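Heads up, run_39.pdb below (PDB, C-alpha atoms):
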ATOM      1  CA  MET A 202      12.607 -18.121 -34.097
ATOM      2  CA  THR A 203      14.657 -20.051 -36.678
ATOM      3  CA  THR A 204      15.809 -18.064 -39.641
ATOM      4  CA  ILE A 205      17.803 -20.289 -41.930
ATOM      5  CA  THR A 206      19.134 -19.070 -45.217
ATOM      6  CA  ASP A 207      20.214 -22.099 -47.163
ATOM      7  CA  ASP A 208      23.461 -21.294 -49.042
ATOM      8  CA  GLY A 209      22.178 -17.859 -50.047
ATOM      9  CA  LYS A 210      19.874 -19.251 -52.721
ATOM     10  CA  ASN A 211      16.927 -20.214 -50.615
ATOM     11  CA  ASP A 212      15.138 -18.515 -47.802
ATOM     12  CA  LEU A 213      12.992 -20.093 -45.108
ATOM     13  CA  ILE A 214      10.025 -17.816 -44.574
ATOM     14  CA  LYS A 215       6.970 -17.904 -42.358
ATOM     15  CA  ILE A 216       3.507 -16.820 -43.415
ATOM     16  CA  LYS A 217       0.694 -16.037 -40.973
ATOM     17  CA  LEU A 218      -2.807 -17.204 -41.818
ATOM     18  CA  PHE A 219      -6.137 -15.793 -40.687
ATOM     19  CA  GLY A 220      -9.852 -16.551 -40.792
ATOM     20  CA  ILE A 221     -10.979 -19.125 -43.317
ATOM     21  CA  SER A 222      -7.436 -19.936 -44.483
ATOM     22  CA  THR A 223      -6.405 -21.013 -40.961
ATOM     23  CA  GLU A 224      -9.308 -23.408 -40.961
ATOM     24  CA  ILE A 225      -8.624 -24.815 -44.451
ATOM     25  CA  VAL A 226      -4.894 -25.319 -43.827
ATOM     26  CA  GLY A 227      -5.275 -26.325 -40.168
ATOM     27  CA  LYS A 228      -2.429 -24.046 -39.053
ATOM     28  CA  ARG A 229      -2.005 -20.427 -37.994
ATOM     29  CA  GLU A 230       1.405 -20.196 -39.653
ATOM     30  CA  ILE A 231       3.151 -22.024 -42.482
ATOM     31  CA  THR A 232       6.860 -22.198 -43.271
ATOM     32  CA  LEU A 233       8.190 -22.446 -46.814
ATOM     33  CA  LEU A 234      11.639 -22.802 -48.345
ATOM     34  CA  VAL A 235      11.628 -20.415 -51.298
ATOM     35  CA  PRO A 236      14.146 -18.769 -53.648
ATOM     36  CA  VAL A 237      15.738 -15.649 -52.149
ATOM     37  CA  GLY A 238      13.848 -12.506 -53.177
ATOM     38  CA  ILE A 239      10.594 -14.279 -54.052
ATOM     39  CA  THR A 240       7.695 -11.942 -54.746
ATOM     40  CA  VAL A 241       4.451 -12.301 -52.809
ATOM     41  CA  GLY A 242       2.695 -13.171 -56.082
ATOM     42  CA  ASN A 243       4.973 -16.176 -56.588
ATOM     43  CA  LEU A 244       4.725 -17.010 -52.925
ATOM     44  CA  LEU A 245       0.936 -17.226 -53.270
ATOM     45  CA  LYS A 246       1.327 -19.593 -56.228
ATOM     46  CA  LYS A 247       3.537 -21.869 -54.100
ATOM     47  CA  ILE A 248       1.112 -21.780 -51.175
ATOM     48  CA  LEU A 249      -1.865 -22.650 -53.396
ATOM     49  CA  LYS A 250       0.096 -25.527 -54.939
ATOM     50  CA  MET A 251       1.049 -26.793 -51.488
ATOM     51  CA  TYR A 252      -2.519 -26.518 -50.170
ATOM     52  CA  PRO A 253      -4.877 -27.357 -53.074
ATOM     53  CA  ALA A 254      -7.925 -26.942 -50.799
ATOM     54  CA  LEU A 255      -6.964 -23.296 -50.441
ATOM     55  CA  ASP A 256      -6.732 -23.010 -54.235
ATOM     56  CA  VAL A 257     -10.147 -24.619 -54.697
ATOM     57  CA  ALA A 258     -11.681 -22.174 -52.200
ATOM     58  CA  ASN A 259     -10.804 -19.422 -54.703
ATOM     59  CA  ILE A 260     -10.382 -16.689 -52.086
ATOM     60  CA  PRO A 261      -9.214 -13.236 -53.273
ATOM     61  CA  PHE A 262      -6.202 -13.070 -50.923
ATOM     62  CA  VAL A 263      -3.994 -10.065 -50.405
ATOM     63  CA  PHE A 264      -0.616 -10.028 -48.694
ATOM     64  CA  ALA A 265       0.459  -7.869 -45.814
ATOM     65  CA  VAL A 266       4.188  -7.373 -45.368
ATOM     66  CA  ASN A 267       5.197  -5.792 -42.069
ATOM     67  CA  HIS A 268       1.540  -4.900 -41.447
ATOM     68  CA  LYS A 269       0.988  -3.123 -44.765
ATOM     69  CA  VAL A 270      -0.955  -4.449 -47.745
ATOM     70  CA  VAL A 271       1.410  -4.796 -50.717
ATOM     71  CA  ASN A 272       1.086  -5.576 -54.428
ATOM     72  CA  LYS A 273       2.092  -8.934 -55.876
ATOM     73  CA  ASP A 274       5.464  -7.721 -57.179
ATOM     74  CA  VAL A 275       6.907  -6.974 -53.750
ATOM     75  CA  PRO A 276       9.824  -9.261 -52.771
ATOM     76  CA  VAL A 277      10.039 -10.690 -49.256
ATOM     77  CA  THR A 278      12.667 -12.264 -47.007
ATOM     78  CA  HIS A 279      12.666 -14.038 -43.643
ATOM     79  CA  PHE A 280      13.192 -10.634 -41.996
ATOM     80  CA  ASP A 281       9.656  -9.605 -43.025
ATOM     81  CA  GLU A 282       6.439 -10.372 -41.176
ATOM     82  CA  ILE A 283       4.285 -11.874 -43.906
ATOM     83  CA  ALA A 284       0.554 -12.556 -43.707
ATOM     84  CA  ILE A 285      -1.988 -13.784 -46.203
ATOM     85  CA  LEU A 286      -5.327 -12.025 -45.681
ATOM     86  CA  PRO A 287      -8.758 -13.113 -46.877
ATOM     87  CA  PRO A 288     -11.379 -10.348 -47.406
ATOM     88  CA  VAL A 289     -12.131  -8.710 -44.067
ATOM     89  CA  SER A 290     -15.502  -8.885 -42.312
ATOM     90  CA  GLY A 291     -15.192  -6.959 -39.074
ATOM     91  CA  GLY A 292     -17.909  -4.857 -37.502
TER
ATOM     92  CA  MET B 103      -7.890   6.100 -28.784
ATOM     93  CA  ILE B 104      -8.361   2.669 -30.221
ATOM     94  CA  LEU B 105      -8.697  -0.750 -28.615
ATOM     95  CA  ILE B 106      -9.013  -4.362 -29.714
ATOM     96  CA  THR B 107     -10.151  -6.480 -26.812
ATOM     97  CA  ASP B 108     -11.474  -9.880 -25.738
ATOM     98  CA  ASN B 109     -13.383  -8.184 -22.920
ATOM     99  CA  ALA B 110     -16.989  -6.952 -22.964
ATOM    100  CA  ILE B 111     -17.389  -3.285 -23.912
ATOM    101  CA  ASP B 112     -18.866  -1.002 -21.244
ATOM    102  CA  LEU B 113     -20.676   1.821 -23.052
ATOM    103  CA  ASN B 114     -20.831   4.019 -19.958
ATOM    104  CA  LYS B 115     -17.048   3.893 -19.718
ATOM    105  CA  VAL B 116     -16.716   4.739 -23.418
ATOM    106  CA  ILE B 117     -18.910   7.807 -22.980
ATOM    107  CA  ILE B 118     -16.891   8.910 -19.941
ATOM    108  CA  ASP B 119     -13.709   8.484 -22.021
ATOM    109  CA  VAL B 120     -14.896  10.775 -24.835
ATOM    110  CA  LYS B 121     -16.768  13.297 -22.663
ATOM    111  CA  ASN B 122     -15.177  16.713 -22.583
ATOM    112  CA  ASN B 123     -16.151  20.083 -21.125
ATOM    113  CA  SER B 124     -15.795  21.812 -24.487
ATOM    114  CA  ALA B 125     -17.900  19.186 -26.308
ATOM    115  CA  GLY B 126     -21.576  19.778 -26.959
ATOM    116  CA  ALA B 127     -22.128  16.426 -28.644
ATOM    117  CA  ILE B 128     -21.174  12.779 -28.477
ATOM    118  CA  ALA B 129     -22.050  10.507 -31.413
ATOM    119  CA  LEU B 130     -21.979   6.804 -30.680
ATOM    120  CA  PHE B 131     -22.157   3.910 -33.138
ATOM    121  CA  VAL B 132     -22.726   0.534 -31.510
ATOM    122  CA  GLY B 133     -22.543  -2.670 -33.554
ATOM    123  CA  THR B 134     -24.267  -5.683 -31.993
ATOM    124  CA  VAL B 135     -24.571  -9.370 -32.825
ATOM    125  CA  ARG B 136     -27.785  -9.972 -34.797
ATOM    126  CA  ASP B 137     -29.722 -13.208 -34.288
ATOM    127  CA  HIS B 138     -30.091 -13.916 -38.003
ATOM    128  CA  ASP B 139     -28.621 -13.441 -41.455
ATOM    129  CA  SER B 140     -29.668 -14.494 -44.960
ATOM    130  CA  HIS B 141     -28.858 -18.152 -44.101
ATOM    131  CA  GLY B 142     -31.130 -18.247 -41.047
ATOM    132  CA  ASN B 143     -30.721 -18.020 -37.297
ATOM    133  CA  VAL B 144     -27.359 -16.985 -35.861
ATOM    134  CA  SER B 145     -26.465 -18.023 -32.319
ATOM    135  CA  ALA B 146     -23.005 -16.451 -32.018
ATOM    136  CA  LEU B 147     -20.171 -14.751 -33.890
ATOM    137  CA  TYR B 148     -16.465 -15.412 -33.536
ATOM    138  CA  TYR B 149     -14.151 -12.472 -34.301
ATOM    139  CA  GLU B 150     -10.471 -12.903 -35.126
ATOM    140  CA  ALA B 151      -8.053 -10.001 -35.635
ATOM    141  CA  TYR B 152      -4.550  -9.636 -37.027
ATOM    142  CA  LYS B 153      -4.029  -7.594 -33.904
ATOM    143  CA  LYS B 154      -0.926  -5.517 -34.614
ATOM    144  CA  MET B 155      -2.027  -4.615 -38.128
ATOM    145  CA  ALA B 156      -5.624  -3.998 -36.999
ATOM    146  CA  GLU B 157      -4.371  -1.616 -34.302
ATOM    147  CA  ASP B 158      -2.223   0.200 -36.886
ATOM    148  CA  MET B 159      -5.192   0.535 -39.265
ATOM    149  CA  MET B 160      -7.554   1.750 -36.549
ATOM    150  CA  THR B 161      -4.968   4.340 -35.499
ATOM    151  CA  GLU B 162      -4.633   5.431 -39.146
ATOM    152  CA  ILE B 163      -8.427   5.854 -39.357
ATOM    153  CA  GLU B 164      -8.421   7.762 -36.065
ATOM    154  CA  ASN B 165      -5.759  10.135 -37.430
ATOM    155  CA  GLU B 166      -7.786  10.677 -40.614
ATOM    156  CA  VAL B 167     -10.859  11.533 -38.529
ATOM    157  CA  LEU B 168      -8.900  13.976 -36.366
ATOM    158  CA  HIS B 169      -7.505  15.589 -39.521
ATOM    159  CA  LYS B 170     -10.817  15.847 -41.410
ATOM    160  CA  TRP B 171     -13.164  17.017 -38.646
ATOM    161  CA  ASN B 172     -12.992  19.322 -35.702
ATOM    162  CA  VAL B 173     -13.317  16.447 -33.269
ATOM    163  CA  ILE B 174     -12.428  16.636 -29.590
ATOM    164  CA  LYS B 175     -12.113  12.923 -28.797
ATOM    165  CA  PHE B 176     -12.344   9.737 -30.846
ATOM    166  CA  PHE B 177     -12.550   6.244 -29.397
ATOM    167  CA  ALA B 178     -12.972   3.080 -31.480
ATOM    168  CA  ILE B 179     -13.168  -0.375 -29.922
ATOM    169  CA  HIS B 180     -13.498  -3.773 -31.615
ATOM    170  CA  ARG B 181     -14.191  -7.018 -29.788
ATOM    171  CA  THR B 182     -12.508 -10.320 -30.548
ATOM    172  CA  GLY B 183     -13.430 -13.840 -29.484
ATOM    173  CA  THR B 184     -16.871 -15.422 -29.304
ATOM    174  CA  LEU B 185     -19.859 -13.097 -28.873
ATOM    175  CA  LYS B 186     -23.418 -14.101 -28.156
ATOM    176  CA  VAL B 187     -26.497 -12.533 -29.757
ATOM    177  CA  SER B 188     -26.978  -8.879 -28.685
ATOM    178  CA  GLU B 189     -23.408  -8.487 -27.397
ATOM    179  CA  ILE B 190     -21.520  -5.400 -28.574
ATOM    180  CA  SER B 191     -18.931  -6.153 -31.262
ATOM    181  CA  VAL B 192     -17.788  -2.651 -32.209
ATOM    182  CA  VAL B 193     -18.115   0.899 -30.913
ATOM    183  CA  VAL B 194     -17.131   4.234 -32.417
ATOM    184  CA  ALA B 195     -17.550   7.236 -30.137
ATOM    185  CA  VAL B 196     -16.818  10.815 -31.122
ATOM    186  CA  SER B 197     -17.158  14.033 -29.158
ATOM    187  CA  SER B 198     -17.173  17.456 -30.776
ATOM    188  CA  GLU B 199     -18.436  20.977 -30.203
ATOM    189  CA  HIS B 200     -21.480  20.462 -32.445
ATOM    190  CA  ARG B 201     -23.429  17.408 -33.547
ATOM    191  CA  GLU B 202     -22.809  17.494 -37.317
ATOM    192  CA  GLU B 203     -19.080  16.792 -37.154
ATOM    193  CA  ALA B 204     -19.639  14.125 -34.501
ATOM    194  CA  PHE B 205     -22.168  12.300 -36.735
ATOM    195  CA  GLU B 206     -19.984  12.552 -39.841
ATOM    196  CA  ALA B 207     -16.788  11.506 -38.078
ATOM    197  CA  CYS B 208     -18.553   8.589 -36.404
ATOM    198  CA  LYS B 209     -19.945   7.358 -39.741
ATOM    199  CA  TYR B 210     -16.536   7.669 -41.412
ATOM    200  CA  GLY B 211     -14.987   5.775 -38.513
ATOM    201  CA  ILE B 212     -17.281   2.755 -38.617
ATOM    202  CA  ASN B 213     -17.401   2.563 -42.433
ATOM    203  CA  ASN B 214     -13.617   2.563 -42.650
ATOM    204  CA  ILE B 215     -13.178   0.100 -39.794
ATOM    205  CA  LYS B 216     -15.436  -2.330 -41.638
ATOM    206  CA  ALA B 217     -13.597  -1.857 -44.951
ATOM    207  CA  ARG B 218      -9.939  -1.550 -43.917
ATOM    208  CA  VAL B 219      -9.222  -3.285 -40.612
ATOM    209  CA  PRO B 220      -7.992  -6.917 -40.753
ATOM    210  CA  ILE B 221     -10.701  -8.553 -38.654
ATOM    211  CA  TRP B 222     -12.728 -11.602 -39.691
ATOM    212  CA  LYS B 223     -15.939 -13.061 -38.345
ATOM    213  CA  LYS B 224     -17.411 -16.509 -38.352
ATOM    214  CA  GLU B 225     -21.106 -17.108 -37.916
ATOM    215  CA  TYR B 226     -22.521 -19.972 -35.932
ATOM    216  CA  SER B 227     -25.916 -20.620 -37.474
ATOM    217  CA  GLU B 228     -28.422 -23.422 -37.836
ATOM    218  CA  VAL B 229     -26.852 -24.356 -41.181
ATOM    219  CA  GLY B 230     -23.379 -24.636 -39.639
ATOM    220  CA  ASP B 231     -20.281 -22.500 -39.121
ATOM    221  CA  ASN B 232     -19.484 -20.053 -41.841
ATOM    222  CA  TRP B 233     -16.742 -17.428 -42.291
ATOM    223  CA  VAL B 234     -18.490 -14.277 -43.449
ATOM    224  CA  THR B 235     -17.585 -13.102 -46.949
ATOM    225  CA  GLY B 236     -16.134  -9.646 -46.717
ATOM    226  CA  VAL B 237     -14.227  -6.859 -48.425
ATOM    227  CA  SER B 238     -10.788  -7.276 -50.032
ATOM    228  CA  LEU B 239      -8.135  -5.010 -48.536
ATOM    229  CA  HIS B 240      -6.298  -2.562 -50.779
ATOM    230  CA  GLU B 241      -2.839  -1.008 -50.674
TER
END

Output the structure of this file as structure tokens.
Amino acid sequence: MTTITDDGKNDLIKIKLFGISTEIVGKREITLLVPVGITVGNLLKKILKMYPALDVANIPFVFAVNHKVVNKDVPVTHFDEIAILPPVSGG
Amino acid sequence: MILITDNAIDLNKVIIDVKNNSAGAIALFVGTVRDHDSHGNVSALYYEAYKKMAEDMMTEIENEVLHKWNVIKFFAIHRTGTLKVSEISVVVAVSSEHREEAFEACKYGINNIKARVPIWKKEYSEVGDNWVTGVSLHE
């Protein structure tokens, strides 16, 4: 796994996708170069800008960081396992 | 015990796994693939899990059940992959001394699995493929 931190200002992070978002984006994982210490709320804004189709779909996403659902103010780094989760529909 | 698996669920095995000499009851919830929904006929469902997190959440639910009720054994299983109509998608099995706690614990188990475990399903129906709208997860 590549973990590049670009001059300490930017961080290359990976985000796992599931369900409908995998299908819209066409990938199971996306990689983004973001400012160090970005919050998941700002990360979502970047993702939606990068993939307008995901924005249009208007899905109430939540983030999981290291397998726990977190609020939008939580900062993340490339050491974290980050996932964007659409509403669940198991059962 | 909890399990997320691509393999077919054998109910007899599940019952053997929760059976216990001090149990007087086993409650079993079995979720199966229905041949229709509000859009029309459904031919199959595809289940996808965020496996590690789903296992963590199912274990958390199991621990809550064991804490809240006087349960002897708890076993929850969720299928992943493509399931045909009538196949078993989810099972919650609970053994206890008496039936009331088995029923209650089983109901709590399936309701919380549906609301809190990161698993998604896609329906294959006559109007096309459609990811099923679900419940937003909370912290």

- Task: Let me know the residues the ChimeraX specification (/B :<12) & /A catches in the file above, as number ranges by chain.
- Result: A: 217-225, 229, 260-273, 275, 282-292

Any chance you could export the current selection's C-alpha atoms as a CSV table (one decimal), in the frame of the given file?
chain,number,residue,atom,x,y,z
A,217,LYS,CA,0.7,-16.0,-41.0
A,218,LEU,CA,-2.8,-17.2,-41.8
A,219,PHE,CA,-6.1,-15.8,-40.7
A,220,GLY,CA,-9.9,-16.6,-40.8
A,221,ILE,CA,-11.0,-19.1,-43.3
A,222,SER,CA,-7.4,-19.9,-44.5
A,223,THR,CA,-6.4,-21.0,-41.0
A,224,GLU,CA,-9.3,-23.4,-41.0
A,225,ILE,CA,-8.6,-24.8,-44.5
A,229,ARG,CA,-2.0,-20.4,-38.0
A,260,ILE,CA,-10.4,-16.7,-52.1
A,261,PRO,CA,-9.2,-13.2,-53.3
A,262,PHE,CA,-6.2,-13.1,-50.9
A,263,VAL,CA,-4.0,-10.1,-50.4
A,264,PHE,CA,-0.6,-10.0,-48.7
A,265,ALA,CA,0.5,-7.9,-45.8
A,266,VAL,CA,4.2,-7.4,-45.4
A,267,ASN,CA,5.2,-5.8,-42.1
A,268,HIS,CA,1.5,-4.9,-41.4
A,269,LYS,CA,1.0,-3.1,-44.8
A,270,VAL,CA,-1.0,-4.4,-47.7
A,271,VAL,CA,1.4,-4.8,-50.7
A,272,ASN,CA,1.1,-5.6,-54.4
A,273,LYS,CA,2.1,-8.9,-55.9
A,275,VAL,CA,6.9,-7.0,-53.8
A,282,GLU,CA,6.4,-10.4,-41.2
A,283,ILE,CA,4.3,-11.9,-43.9
A,284,ALA,CA,0.6,-12.6,-43.7
A,285,ILE,CA,-2.0,-13.8,-46.2
A,286,LEU,CA,-5.3,-12.0,-45.7
A,287,PRO,CA,-8.8,-13.1,-46.9
A,288,PRO,CA,-11.4,-10.3,-47.4
A,289,VAL,CA,-12.1,-8.7,-44.1
A,290,SER,CA,-15.5,-8.9,-42.3
A,291,GLY,CA,-15.2,-7.0,-39.1
A,292,GLY,CA,-17.9,-4.9,-37.5

- Task: Please write the residues picked by the PyMOL selection byres ((chain A and resi 235) around 12) on this file as JSON, numbers by chain.
- Result: {"A": [205, 206, 207, 209, 210, 211, 212, 213, 214, 215, 216, 232, 233, 234, 236, 237, 238, 239, 240, 241, 243, 244, 245, 246, 247, 248, 276, 277, 278, 279]}

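For the pair atom CA of Ala207 of chain B and atom CA of Ile163 of chain B, the interatomic distance is 10.2 Å.
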
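Using only C-alpha atoms, the shortest contact distance between Ile106 of chain B and any of B:Gly126, B:Thr161, B:Tyr210, B:Glu225 is found at B:Thr161.
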
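What the PyMOL selection byres ((chain B and resi 104) around 6) grabs from this file is Met103, Leu105, Phe177, Ala178 and Ile179 of chain B.
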
- Message: Env of Asn122 of chain B: 8 Å cut, atoms = all atoms listed in the file, seq-sep filter 2 positions within chain, self excluded. Answer as an MDAnalysis selection string.
- Response: chainID B and resid 120 124:125 174:175 197

- Item | Selection: 12 Å around His141 of chain B, all atoms listed in the file, excl. self and same-chain fewer than 2 positions, as JSON, numbers by chain | {"B": [137, 138, 139, 143, 144, 225, 226, 227, 228, 229, 230, 231, 232, 234]}

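The gap separating atom CA of Ala127 of chain B from atom CA of Glu166 of chain B is 19.5 Å, in Å to one decimal.
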
- Have a look at atom CA of Ala195 of chain B and atom CA of Phe176 of chain B and let me know their distance in Å, one decimal.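 Separating atom CA of Ala195 of chain B from atom CA of Phe176 of chain B is a distance of 5.8 Å.
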